$ cat coords_17.cif   # mmCIF, C-alpha atoms
data_coords
loop_
_atom_site.label_atom_id
_atom_site.label_comp_id
_atom_site.auth_asym_id
_atom_site.auth_seq_id
_atom_site.Cartn_x
_atom_site.Cartn_y
_atom_site.Cartn_z
CA MET A 139 -2.40 -15.08 18.25
CA ARG A 140 -2.73 -11.65 19.79
CA THR A 141 -6.01 -9.81 19.62
CA GLU A 142 -6.09 -6.97 17.12
CA THR A 143 -8.87 -5.50 15.03
CA LEU A 144 -8.63 -3.33 11.96
CA ARG A 145 -10.78 -0.26 12.32
CA GLY A 146 -13.54 0.16 9.73
CA ARG A 147 -14.99 -2.43 7.42
CA VAL A 148 -13.24 -5.53 6.12
CA SER A 149 -14.35 -7.03 2.81
CA ASP A 150 -13.16 -9.06 -0.17
CA ASP A 151 -12.82 -5.91 -2.25
CA TRP A 152 -9.49 -4.09 -2.60
CA PRO A 153 -10.61 -0.62 -1.51
CA ALA A 154 -7.26 0.98 -0.65
CA ILE A 155 -3.55 0.75 -1.30
CA HIS A 156 -2.95 -2.26 0.96
CA GLY A 157 -6.26 -4.01 0.48
CA PRO A 158 -9.18 -4.80 2.80
CA HIS A 159 -7.02 -5.77 5.80
CA GLN A 160 -4.42 -2.97 5.45
CA ASP A 161 -1.69 -5.61 5.13
CA SER A 162 -1.63 -6.45 1.40
CA SER A 163 -3.55 -9.68 1.93
CA SER A 164 -6.82 -11.06 0.58
CA SER A 165 -9.25 -13.58 2.07
CA GLU A 166 -9.93 -15.19 -1.30
CA SER A 167 -8.92 -18.84 -1.63
CA ARG A 168 -8.97 -21.85 -3.96
CA LEU A 169 -7.61 -19.78 -6.80
CA GLU A 170 -6.01 -21.28 -9.90
CA TRP A 171 -2.23 -21.59 -9.58
CA SER A 172 -1.44 -23.93 -12.49
CA TRP A 173 -0.42 -21.39 -15.10
CA PRO A 174 1.13 -21.76 -18.55
CA PRO A 175 4.62 -20.28 -19.06
CA GLU A 176 3.15 -17.00 -20.31
CA GLY A 177 1.21 -16.54 -17.05
CA PRO A 178 -2.45 -16.48 -16.00
CA PRO A 179 -5.12 -15.93 -18.67
CA LEU A 180 -5.50 -12.31 -19.72
CA LEU A 181 -9.07 -11.05 -19.30
CA TRP A 182 -8.35 -7.61 -20.69
CA GLU A 183 -5.71 -4.91 -21.01
CA LYS A 184 -5.98 -1.15 -21.32
CA PRO A 185 -3.57 1.68 -22.08
CA ILE A 186 -3.17 4.10 -19.18
CA GLY A 187 -0.96 7.03 -18.27
CA ASN A 188 1.80 7.78 -15.79
CA GLY A 189 1.90 7.33 -12.04
CA TYR A 190 2.35 4.68 -9.37
CA ALA A 191 -1.14 4.50 -7.84
CA VAL A 192 -2.35 0.94 -7.19
CA PRO A 193 -5.60 -0.08 -8.96
CA VAL A 194 -8.35 -0.33 -6.32
CA ALA A 195 -11.72 -2.06 -6.53
CA GLN A 196 -15.11 -1.97 -4.85
CA ASP A 197 -18.27 -3.82 -5.92
CA GLU A 198 -17.15 -4.51 -9.51
CA ARG A 199 -15.79 -0.98 -9.93
CA LEU A 200 -12.08 -0.60 -10.60
CA VAL A 201 -10.57 2.84 -10.01
CA VAL A 202 -7.28 3.83 -11.62
CA PHE A 203 -5.49 7.13 -10.92
CA HIS A 204 -3.03 8.14 -13.64
CA ARG A 205 -1.73 11.05 -15.69
CA VAL A 206 -2.05 11.68 -19.41
CA GLY A 207 -0.13 14.72 -20.62
CA ASP A 208 -0.92 17.63 -18.31
CA GLN A 209 -4.03 16.06 -16.80
CA GLU A 210 -4.49 13.76 -13.83
CA CYS A 211 -7.18 11.22 -14.63
CA LEU A 212 -9.36 9.55 -12.03
CA GLU A 213 -10.98 6.75 -14.01
CA CYS A 214 -13.58 4.16 -13.04
CA LEU A 215 -13.76 0.93 -15.05
CA ASP A 216 -15.91 -2.16 -15.02
CA ALA A 217 -13.75 -4.58 -13.04
CA GLU A 218 -14.68 -7.58 -15.23
CA THR A 219 -14.51 -6.05 -18.71
CA GLY A 220 -12.32 -2.94 -18.39
CA ASP A 221 -15.04 -0.79 -19.96
CA GLN A 222 -15.01 2.81 -18.80
CA ARG A 223 -17.81 3.89 -16.46
CA TRP A 224 -16.61 7.45 -15.95
CA ILE A 225 -13.51 9.62 -15.91
CA THR A 226 -12.67 12.99 -14.35
CA THR A 227 -9.62 15.05 -15.26
CA THR A 228 -7.71 17.80 -13.46
CA ASP A 229 -4.97 20.02 -14.87
CA THR A 230 -1.50 19.50 -13.41
CA ASN A 231 1.97 20.90 -14.07
CA PHE A 232 3.89 18.94 -11.46
CA GLN A 233 7.36 17.78 -12.48
CA SER A 234 9.58 15.52 -10.39
CA ARG A 235 13.06 16.86 -9.68
CA HIS A 236 14.46 13.36 -10.15
CA GLU A 237 14.24 10.62 -12.77
CA TYR A 238 11.01 9.17 -11.50
CA SER A 239 7.37 9.61 -12.45
CA ASP A 240 5.64 12.98 -12.35
CA GLY A 241 2.78 11.24 -10.58
CA PRO A 242 0.27 10.74 -9.27
CA TYR A 243 1.77 8.41 -6.64
CA ALA A 244 -1.03 8.27 -4.05
CA THR A 245 -3.56 5.44 -4.33
CA PRO A 246 -7.25 6.42 -3.99
CA ALA A 247 -9.35 5.05 -1.13
CA LEU A 248 -12.89 3.79 -1.73
CA THR A 249 -16.10 3.41 0.23
CA SER A 250 -19.47 2.16 -1.00
CA ASP A 251 -20.28 5.64 -2.31
CA SER A 252 -17.03 7.62 -2.40
CA VAL A 253 -13.61 7.85 -4.03
CA VAL A 254 -10.97 9.89 -2.18
CA SER A 255 -7.82 10.83 -4.09
CA LEU A 256 -4.69 12.87 -3.37
CA SER A 257 -3.01 14.60 -6.30
CA ALA A 258 0.71 14.95 -7.01
CA GLU A 259 0.47 18.52 -5.70
CA GLY A 260 -1.30 17.43 -2.50
CA VAL A 261 -4.93 18.30 -3.30
CA LEU A 262 -7.39 15.99 -1.53
CA ARG A 263 -10.63 15.33 -3.41
CA LYS A 264 -13.79 13.32 -2.89
CA HIS A 265 -15.86 12.03 -5.81
CA ALA A 266 -19.06 10.01 -6.02
CA ILE A 267 -18.18 6.43 -6.92
CA GLU A 268 -21.31 6.06 -9.09
CA THR A 269 -20.81 9.10 -11.31
CA GLY A 270 -17.40 10.64 -10.61
CA GLN A 271 -18.99 13.93 -9.59
CA GLU A 272 -16.72 15.93 -7.29
CA ALA A 273 -18.14 16.50 -3.81
CA TRP A 274 -15.33 18.61 -2.38
CA SER A 275 -11.63 19.42 -2.74
CA LEU A 276 -9.07 20.64 -0.24
CA PRO A 277 -5.56 21.87 -1.21
CA LEU A 278 -3.88 20.35 1.83
CA ALA A 279 -0.25 20.78 0.78
CA SER A 280 -0.59 24.47 -0.09
CA GLU A 281 -3.00 25.34 2.72
CA TYR A 282 -0.75 23.84 5.37
CA GLU A 283 2.51 24.78 3.61
CA SER A 284 3.87 21.25 3.38
CA ARG A 285 7.62 20.81 3.28
CA GLU A 286 8.98 20.24 -0.20
CA VAL A 287 9.53 16.57 -0.95
CA PRO A 288 11.78 15.10 -3.68
CA PHE A 289 8.91 13.53 -5.61
CA ALA A 290 5.16 13.91 -6.03
CA VAL A 291 3.09 13.64 -2.86
CA GLY A 292 3.16 9.89 -2.30
CA THR A 293 1.36 9.08 0.92
CA SER A 294 -2.11 7.65 0.28
CA PRO A 295 -5.25 8.74 2.15
CA LEU A 296 -6.64 6.42 4.82
CA ILE A 297 -10.40 6.34 5.39
CA ASP A 298 -11.08 5.53 9.03
CA HIS A 299 -14.85 5.48 9.64
CA ASP A 300 -15.95 9.08 8.93
CA LEU A 301 -12.45 10.59 8.72
CA VAL A 302 -9.81 10.80 6.00
CA ILE A 303 -6.28 10.76 7.45
CA VAL A 304 -3.38 12.23 5.46
CA ASN A 305 0.34 12.25 6.31
CA ILE A 306 0.80 15.60 4.59
CA GLY A 307 3.76 17.14 6.48
CA GLY A 308 2.38 20.66 6.91
CA THR A 309 4.43 23.42 8.55
CA ARG A 310 1.62 25.85 9.40
CA GLY A 311 0.81 25.10 13.00
CA ALA A 312 0.74 21.47 14.09
CA SER A 313 -0.30 20.13 10.68
CA GLY A 314 2.04 17.26 9.93
CA ILE A 315 -0.96 14.90 10.05
CA VAL A 316 -4.41 16.12 9.02
CA ALA A 317 -7.83 14.48 9.50
CA VAL A 318 -10.74 15.59 7.33
CA HIS A 319 -14.43 14.74 7.67
CA LEU A 320 -15.30 12.44 4.78
CA ASP A 321 -18.80 13.84 4.31
CA SER A 322 -17.98 17.54 4.27
CA GLY A 323 -14.27 17.99 3.60
CA VAL A 324 -13.99 20.05 6.78
CA VAL A 325 -10.80 19.56 8.78
CA ALA A 326 -11.47 17.64 12.00
CA TRP A 327 -8.05 17.90 13.62
CA THR A 328 -4.34 18.35 12.95
CA ALA A 329 -1.34 16.96 14.82
CA THR A 330 2.50 17.09 15.01
CA ASP A 331 5.02 19.41 13.43
CA HIS A 332 6.67 16.57 11.51
CA GLY A 333 7.37 16.52 7.82
CA GLY A 334 5.47 14.05 5.71
CA SER A 335 6.76 10.82 4.22
CA TYR A 336 5.66 8.42 1.49
CA ALA A 337 4.16 6.03 4.04
CA THR A 338 0.39 5.65 4.40
CA PRO A 339 -1.26 5.75 7.88
CA ARG A 340 -2.59 2.57 9.47
CA SER A 341 -5.56 2.10 11.82
CA ALA A 342 -6.08 -0.67 14.38
CA THR A 343 -7.72 -1.52 17.67
CA ILE A 344 -5.26 -3.02 20.16
CA HIS A 345 -6.00 -3.88 23.80
CA GLY A 346 -9.43 -2.34 23.27
CA GLU A 347 -7.95 1.03 22.25
CA ASP A 348 -8.24 2.68 18.84
CA TYR A 349 -4.96 3.69 17.22
CA LEU A 350 -3.63 5.48 14.20
CA PHE A 351 -0.02 4.72 13.32
CA VAL A 352 1.66 7.29 11.09
CA LEU A 353 5.28 7.06 9.97
CA THR A 354 6.42 10.63 9.34
CA ASP A 355 9.78 11.89 8.13
CA ARG A 356 11.30 11.31 11.55
CA ALA A 357 9.20 9.03 13.77
CA LEU A 358 6.40 6.56 14.19
CA VAL A 359 3.55 8.49 15.78
CA ALA A 360 0.71 6.72 17.59
CA LEU A 361 -2.45 8.81 17.82
CA GLY A 362 -6.05 8.59 18.94
CA PRO A 363 -8.11 8.71 15.73
CA SER A 364 -11.07 10.64 17.09
CA ASP A 365 -9.16 13.72 18.23
CA GLY A 366 -5.58 13.37 16.99
CA ARG A 367 -4.11 13.13 20.48
CA VAL A 368 -0.53 11.90 20.28
CA ARG A 369 -0.25 8.85 22.52
CA TRP A 370 3.48 8.43 21.95
CA GLN A 371 6.15 8.60 19.28
CA THR A 372 9.50 6.97 18.66
CA PRO A 373 12.23 8.00 16.20
CA PHE A 374 12.52 6.03 12.96
CA GLY A 375 13.25 6.79 9.34
CA LEU A 376 15.94 8.26 7.13
CA LYS A 377 16.83 11.23 4.98
CA GLY A 378 19.60 12.05 2.58
CA GLY A 379 18.49 12.05 -1.05
CA PRO A 380 16.08 10.58 -3.58
CA GLU A 381 17.08 6.99 -2.77
CA ARG A 382 16.86 7.55 1.00
CA VAL A 383 13.29 8.44 1.89
CA THR A 384 10.86 6.89 4.35
CA ALA A 385 8.35 5.21 2.05
CA VAL A 386 7.15 1.87 3.48
CA SER A 387 3.88 1.96 5.42
CA PRO A 388 3.75 0.44 8.92
CA LEU A 389 2.44 -3.12 9.12
CA VAL A 390 0.24 -4.01 12.11
CA VAL A 391 0.22 -7.68 13.14
CA GLY A 392 -1.70 -8.35 16.34
CA ASP A 393 -0.14 -6.04 18.91
CA LEU A 394 3.04 -5.62 16.86
CA VAL A 395 3.93 -2.74 14.56
CA VAL A 396 6.57 -3.43 11.90
CA LEU A 397 8.63 -0.62 10.39
CA THR A 398 11.26 -0.66 7.68
CA ALA A 399 13.17 1.90 5.62
CA GLY A 400 16.25 1.68 3.50
CA PRO A 401 18.97 1.77 2.79
CA GLY A 402 20.31 2.29 6.28
CA ALA A 403 17.44 2.40 8.74
CA GLY A 404 16.67 -1.33 8.59
CA ALA A 405 13.71 -2.83 10.41
CA LEU A 406 12.11 -2.23 13.80
CA VAL A 407 9.31 -4.18 15.48
CA LEU A 408 7.44 -2.68 18.42
CA GLN A 409 5.03 -4.41 20.77
CA ILE A 410 2.10 -2.25 21.83
CA LEU A 411 1.31 -2.47 25.55
CA PRO A 412 -1.75 -1.26 27.47
CA ASN A 413 -1.98 2.27 28.85
CA ASP A 414 -0.15 4.08 26.04
CA ARG A 415 3.05 2.09 26.40
CA PHE A 416 5.20 0.13 23.97
CA LYS A 417 8.46 -1.78 23.92
CA GLU A 418 11.03 -2.58 21.26
CA LEU A 419 10.86 -6.26 20.34
CA TRP A 420 13.77 -6.26 17.90
CA ARG A 421 15.74 -4.02 15.57
CA ASP A 422 18.08 -4.98 12.73
CA ARG A 423 19.65 -2.72 10.12
CA ARG A 424 20.62 -5.56 7.77
CA ALA A 425 17.87 -8.19 7.99
CA LEU A 426 15.39 -6.01 6.06
CA ASP A 427 15.65 -2.47 4.74
CA SER A 428 12.92 -2.05 2.15
CA GLN A 429 13.01 1.17 0.15
CA PHE A 430 9.42 1.55 -1.07
CA ASN A 431 8.14 -2.02 -1.24
CA ASN A 432 5.14 -3.14 0.78
CA LEU A 433 5.45 -5.77 3.54
CA THR A 434 3.32 -8.90 3.88
CA THR A 435 2.89 -11.48 6.63
CA ASN A 436 1.16 -14.77 7.32
CA GLY A 437 1.00 -13.90 11.03
CA ARG A 438 4.23 -15.70 11.89
CA GLU A 439 6.68 -14.77 9.16
CA LEU A 440 7.44 -11.40 7.60
CA PHE A 441 8.09 -11.11 3.86
CA GLY A 442 9.76 -8.18 2.16
CA PHE A 443 12.45 -7.02 -0.26
CA THR A 444 15.79 -5.56 0.77
CA SER A 445 17.26 -2.40 -0.74
CA MET A 446 19.61 -2.37 -3.72
CA TRP A 447 22.52 -1.94 -1.31
CA ASN A 448 21.63 -4.95 0.85
CA GLY A 449 21.95 -8.29 -0.92
CA SER A 450 21.36 -6.50 -4.24
CA ALA A 451 17.62 -6.38 -3.55
CA GLU A 452 16.36 -9.85 -2.61
CA LEU A 453 13.12 -11.29 -1.29
CA ARG A 454 13.48 -12.35 2.36
CA CYS A 455 11.47 -14.27 4.92
CA LEU A 456 12.01 -13.25 8.56
CA ASP A 457 10.70 -14.61 11.82
CA LEU A 458 8.25 -11.93 12.93
CA MET A 459 9.05 -12.29 16.63
CA THR A 460 12.86 -12.40 16.42
CA GLY A 461 13.92 -10.90 13.09
CA SER A 462 16.02 -13.94 12.21
CA ILE A 463 16.27 -14.58 8.47
CA GLY A 464 14.57 -17.80 7.38
CA TRP A 465 15.50 -17.54 3.71
CA GLY A 466 16.45 -15.12 0.99
CA HIS A 467 15.89 -15.30 -2.76
CA LYS A 468 17.77 -13.15 -5.25
CA SER A 469 16.21 -12.89 -8.69
CA GLU A 470 15.11 -10.61 -11.50
CA LEU A 471 12.31 -9.38 -9.23
CA ARG A 472 14.84 -7.07 -7.56
CA ARG A 473 12.83 -4.53 -5.49
CA GLY A 474 9.45 -6.10 -6.08
CA SER A 475 6.05 -5.70 -4.46
CA SER A 476 3.65 -8.33 -3.19
CA LEU A 477 0.29 -9.49 -1.99
CA LEU A 478 -0.60 -12.57 0.06
CA VAL A 479 -3.55 -14.76 -0.90
CA ASP A 480 -4.43 -18.44 -0.66
CA GLY A 481 -1.23 -19.16 1.28
CA LYS A 482 0.96 -17.73 -1.47
CA LEU A 483 2.97 -14.62 -2.21
CA VAL A 484 2.10 -13.03 -5.55
CA LEU A 485 5.11 -10.95 -6.53
CA LEU A 486 5.52 -8.27 -9.19
CA GLY A 487 9.16 -7.42 -9.88
CA GLU A 488 10.35 -3.92 -10.58
CA ASN A 489 11.07 -4.89 -14.19
CA GLY A 490 7.69 -6.52 -14.84
CA HIS A 491 8.27 -10.18 -13.95
CA LEU A 492 5.47 -12.04 -12.15
CA ALA A 493 6.22 -14.78 -9.61
CA VAL A 494 4.43 -16.90 -7.00
CA PHE A 495 6.06 -18.39 -3.88
CA ASP A 496 4.73 -20.25 -0.88
CA ALA A 497 4.21 -17.92 2.09
CA SER A 498 6.22 -20.30 4.24
CA PRO A 499 9.28 -20.33 6.52
CA ASP A 500 10.70 -23.20 4.47
CA PRO A 501 13.28 -22.36 1.81
CA ALA A 502 11.57 -20.49 -0.98
CA ARG A 503 9.27 -22.77 -2.97
CA GLN A 504 8.57 -21.30 -6.36
CA TRP A 505 5.20 -22.00 -7.98
CA TYR A 506 5.68 -19.74 -10.97
CA PHE A 507 8.21 -17.30 -12.40
CA SER A 508 7.55 -15.63 -15.73
CA ARG A 509 10.23 -16.22 -18.34
CA ASN A 510 9.67 -12.76 -19.74
CA PRO A 511 8.29 -9.58 -18.17
CA LEU A 512 4.51 -9.24 -18.36
CA LEU A 513 4.94 -5.47 -18.29
CA ALA A 514 7.75 -3.16 -19.31
CA GLY A 515 9.68 -1.80 -16.34
CA PRO A 516 9.79 0.01 -14.12
CA THR A 517 6.78 -1.48 -12.34
CA TYR A 518 6.65 0.25 -8.96
CA SER A 519 2.91 -0.18 -8.32
CA ALA A 520 1.91 -3.10 -6.10
CA PRO A 521 -0.51 -5.73 -7.46
CA SER A 522 -4.13 -5.84 -6.31
CA LEU A 523 -6.78 -8.57 -6.31
CA HIS A 524 -10.56 -8.38 -6.65
CA ARG A 525 -12.86 -11.42 -6.90
CA GLY A 526 -10.28 -13.66 -8.53
CA ARG A 527 -8.89 -10.99 -10.84
CA LEU A 528 -5.28 -9.85 -10.49
CA TYR A 529 -4.51 -6.28 -11.56
CA LEU A 530 -1.02 -5.20 -12.61
CA ARG A 531 0.11 -1.87 -14.02
CA ASN A 532 3.07 0.16 -15.15
CA GLU A 533 3.03 3.70 -16.56
CA LYS A 534 1.61 2.65 -19.91
CA GLN A 535 -0.58 -0.38 -19.45
CA LEU A 536 -3.09 -1.99 -17.08
CA LEU A 537 -3.55 -5.78 -17.10
CA CYS A 538 -6.41 -7.84 -15.67
CA LEU A 539 -5.43 -11.51 -15.19
CA ASN A 540 -7.82 -14.32 -14.34
CA LEU A 541 -6.95 -16.41 -11.26
CA ARG A 542 -10.41 -17.94 -10.94
CA PRO A 543 -10.59 -21.72 -11.23
CA SER A 544 -12.11 -23.13 -14.40
CA ARG A 545 -14.74 -24.93 -12.34
CA GLY A 546 -16.36 -23.77 -9.11
CA THR A 547 -16.15 -20.37 -7.51
CA VAL A 548 -13.64 -18.33 -5.59
CA MET A 549 -14.03 -19.07 -1.90
CA HIS A 550 -13.71 -16.58 0.92
CA GLY A 551 -12.42 -17.20 4.41
CA ASP A 552 -10.56 -15.95 7.44
CA PRO A 553 -7.14 -14.44 6.58
CA ALA A 554 -5.67 -16.59 9.37
CA ASP A 555 -6.44 -19.68 7.26
CA LEU A 556 -4.40 -18.48 4.31
CA VAL A 557 -1.09 -19.86 5.61
CA THR A 558 -2.14 -23.46 4.93
CA ARG A 559 -1.92 -24.90 1.43
CA ASP A 560 -4.05 -27.93 0.53
#
$ encode --input "coords_17.cif" --output "structure tokens"
Amino acid sequence: MRTETLRGRVSDDWPAIHGPHQDSSSSESRLEWSWPPEGPPLLWEKPIGNGYAVPVAQDERLVVFHRVGDQECLECLDAETGDQRWITTTDTNFQSRHEYSDGPYATPALTSDSVVSLSAEGVLRKHAIETGQEAWSLPLASEYESREVPFAVGTSPLIDHDLVIVNIGGTRGASGIVAVHLDSGVVAWTATDHGGSYATPRSATIHGEDYLFVLTDRALVALGPSDGRVRWQTPFGLKGGPERVTAVSPLVVGDLVVLTAGPGAGALVLQILPNDRFKELWRDRRALDSQFNNLTTNGRELFGFTSMWNGSAELRCLDLMTGSIGWGHKSELRRGSSLLVDGKLVLLGENGHLAVFDASPDPARQWYFSRNPLLAGPTYSAPSLHRGRLYLRNEKQLLCLNLRPSRGTVMHGDPADLVTRD
């Protein structure tokens, strides 16, 4: 396997939109997979408001970003009980121009002492994770005159060491991508004249070099994280209406970067080479063209959902190196979202169904598929996992499901070991 390191800390928490490894995977193992027809045991449930932000967790704190009426609510709960620890509210009047949520869409990012959020209007804020007290706020979208987008601001902030990276799409100067000092809220650097997208930046160290990968409205941009220097860029993405936006975050696997957008753009895999070079490994417009759904991988296979116009939205397994389709599975999941843990894909369908499949190149082996939706659709927020607890949400309800075994404890290991099932 190629050498690649995620920049920043890696833990068994779920501190950001795509988890501790930035690839929607968890290192937890030996979870309980023998569920009754109604699904895993419910630990607790809680009414919440609108938005698509993924629940994130750090050290038994669960942070949920949602909207109730004309207020955006950043709320911290006890991860085990669902009891509220604190809540902060901010007035908002954002309205989507299309029949989707008024937000917020962006998922907060957590550190041991901070919560960083990005509002539907593009205001970046930092709060203390212990108390919810605001440390600073920065109206990025208005200050940098971001291009109008069809929905709420949907890219999520990335915390990379002492910087917060945002794919904001500013037009004032070279402000498509903005980096802010986490401690002070002072802008560290800006880069590109690109418009923003709904994709979240990724960080990695490849061939001993630190990278940021940002998928803008027109290209994948590779930058140096310390100063924002553009190493290279290559065109990718799509435009054309509310169903044709670039919304899937890049997936870094070793020295490979996986991109997808749909319908129409398809999938592209690049291999990163030393000395600021790259090459195209494969490209296919039909094999995978995810619209907004996250990608997952076991290091050899790529798992994702196609668009509504490609196989009527089905789950597919592709060979990571070649793009060949290993299997496809059409079901009520439609354009679902996923996480990978314990050698399995945990899947939340867009209409609230929960399913579990082997993360395997063999024809889809189904461990569980809920007879009825666990949540009312649409369910566009990806699932998250924290210490054996699975969190699912829609725009009305938050569920905490227990995946911990009845005896023993949840084990932790190397993500590379997750592809093997006992």
$ closest_residue --input "coords_17.cif" --among "A:Ala258, A:Leu433, A:Ala514, A:Val395" --to "Leu485 (chain A)" --atoms "only C-alpha atoms"
A:Leu433
$ resolve_selection --input "coords_17.cif" --expression "the PyMOL selection byres ((chain A and resi 223) around 8)" --output "PyMOL selection string"
chain A and resi 213-216+221-222+224-225+269
$ closest_residue --input "coords_17.cif" --among "A:Ser522, A:Ser163, A:Ser462, A:Thr227" --to "Ala425 (chain A)" --atoms "only C-alpha atoms"
A:Ser462
$ residues_around --input "coords_17.cif" --residues "Leu408 (chain A)" --least-positions-apart "3" --cutoff "12 Å" --atoms "all atoms listed in the file" --output "count of residues only"
31
$ atom_distance --input "coords_17.cif" --atom1 "CA of Ser469 (chain A)" --atom2 "CA of Phe507 (chain A)"
9.9 Å
$ closest_residue --input "coords_17.cif" --among "A:Asn510, A:Ser364, A:Gln409, A:Thr309" --to "Glu281 (chain A)" --atoms "all atoms listed in the file"
A:Thr309
$ residues_around --input "coords_17.cif" --residues "Ser335 (chain A)" --least-positions-apart "6" --cutoff "6 Å" --atoms "all atoms listed in the file" --output "PyMOL selection string"
chain A and resi 354-355+384
$ residues_around --input "coords_17.cif" --residues "Asn188 (chain A)" --least-positions-apart "3" --cutoff "7 Å" --atoms "only C-alpha atoms" --output "count of residues only"
7
$ closest_residue --input "coords_17.cif" --among "A:Arg542, A:Ile410, A:Gly334, A:Asp208" --to "Arg369 (chain A)" --atoms "all atoms listed in the file"
A:Ile410
$ resolve_selection --input "coords_17.cif" --expression "the PyMOL selection byres ((chain A and resi 327) around 8)" --output "list in words"
Val316, Ala317, Val318, Val325, Ala326, Thr328, Ala329, Asp365 and Gly366 of chain A
$ atom_distance --input "coords_17.cif" --atom1 "CA of Asp496 (chain A)" --atom2 "CA of Ala217 (chain A)"
27.1 Å
$ closest_residue --input "coords_17.cif" --among "A:Gly220, A:Pro158, A:Gly323, A:Pro401" --to "Trp182 (chain A)" --atoms "all atoms listed in the file"
A:Gly220
$ residues_around --input "coords_17.cif" --residues "Pro412 (chain A)" --least-positions-apart "4" --cutoff "9 Å" --atoms "all atoms listed in the file" --output "MDAnalysis selection string"
chainID A and resid 344:347 416
$ closest_residue --input "coords_17.cif" --among "A:Tyr336, A:Phe203, A:Trp505, A:Tyr282" --to "Pro246 (chain A)" --atoms "all atoms listed in the file"
A:Phe203
$ resolve_selection --input "coords_17.cif" --expression "the PyMOL selection byres ((chain A and resi 264) around 10)" --output "tab-separated table (two decimals) with C-alpha atoms, keeping the file's coordinate frame"
chain	number	residue	atom	x	y	z
A	246	PRO	CA	-7.25	6.42	-3.99
A	247	ALA	CA	-9.35	5.05	-1.13
A	248	LEU	CA	-12.89	3.79	-1.73
A	252	SER	CA	-17.03	7.62	-2.40
A	253	VAL	CA	-13.61	7.85	-4.03
A	254	VAL	CA	-10.97	9.89	-2.18
A	255	SER	CA	-7.82	10.83	-4.09
A	256	LEU	CA	-4.69	12.87	-3.37
A	262	LEU	CA	-7.39	15.99	-1.53
A	263	ARG	CA	-10.63	15.33	-3.41
A	265	HIS	CA	-15.86	12.03	-5.81
A	266	ALA	CA	-19.06	10.01	-6.02
A	267	ILE	CA	-18.18	6.43	-6.92
A	270	GLY	CA	-17.40	10.64	-10.61
A	271	GLN	CA	-18.99	13.93	-9.59
A	272	GLU	CA	-16.72	15.93	-7.29
A	273	ALA	CA	-18.14	16.50	-3.81
A	274	TRP	CA	-15.33	18.61	-2.38
A	275	SER	CA	-11.63	19.42	-2.74
A	276	LEU	CA	-9.07	20.64	-0.24
A	320	LEU	CA	-15.30	12.44	4.78
A	321	ASP	CA	-18.80	13.84	4.31
A	322	SER	CA	-17.98	17.54	4.27
A	323	GLY	CA	-14.27	17.99	3.60
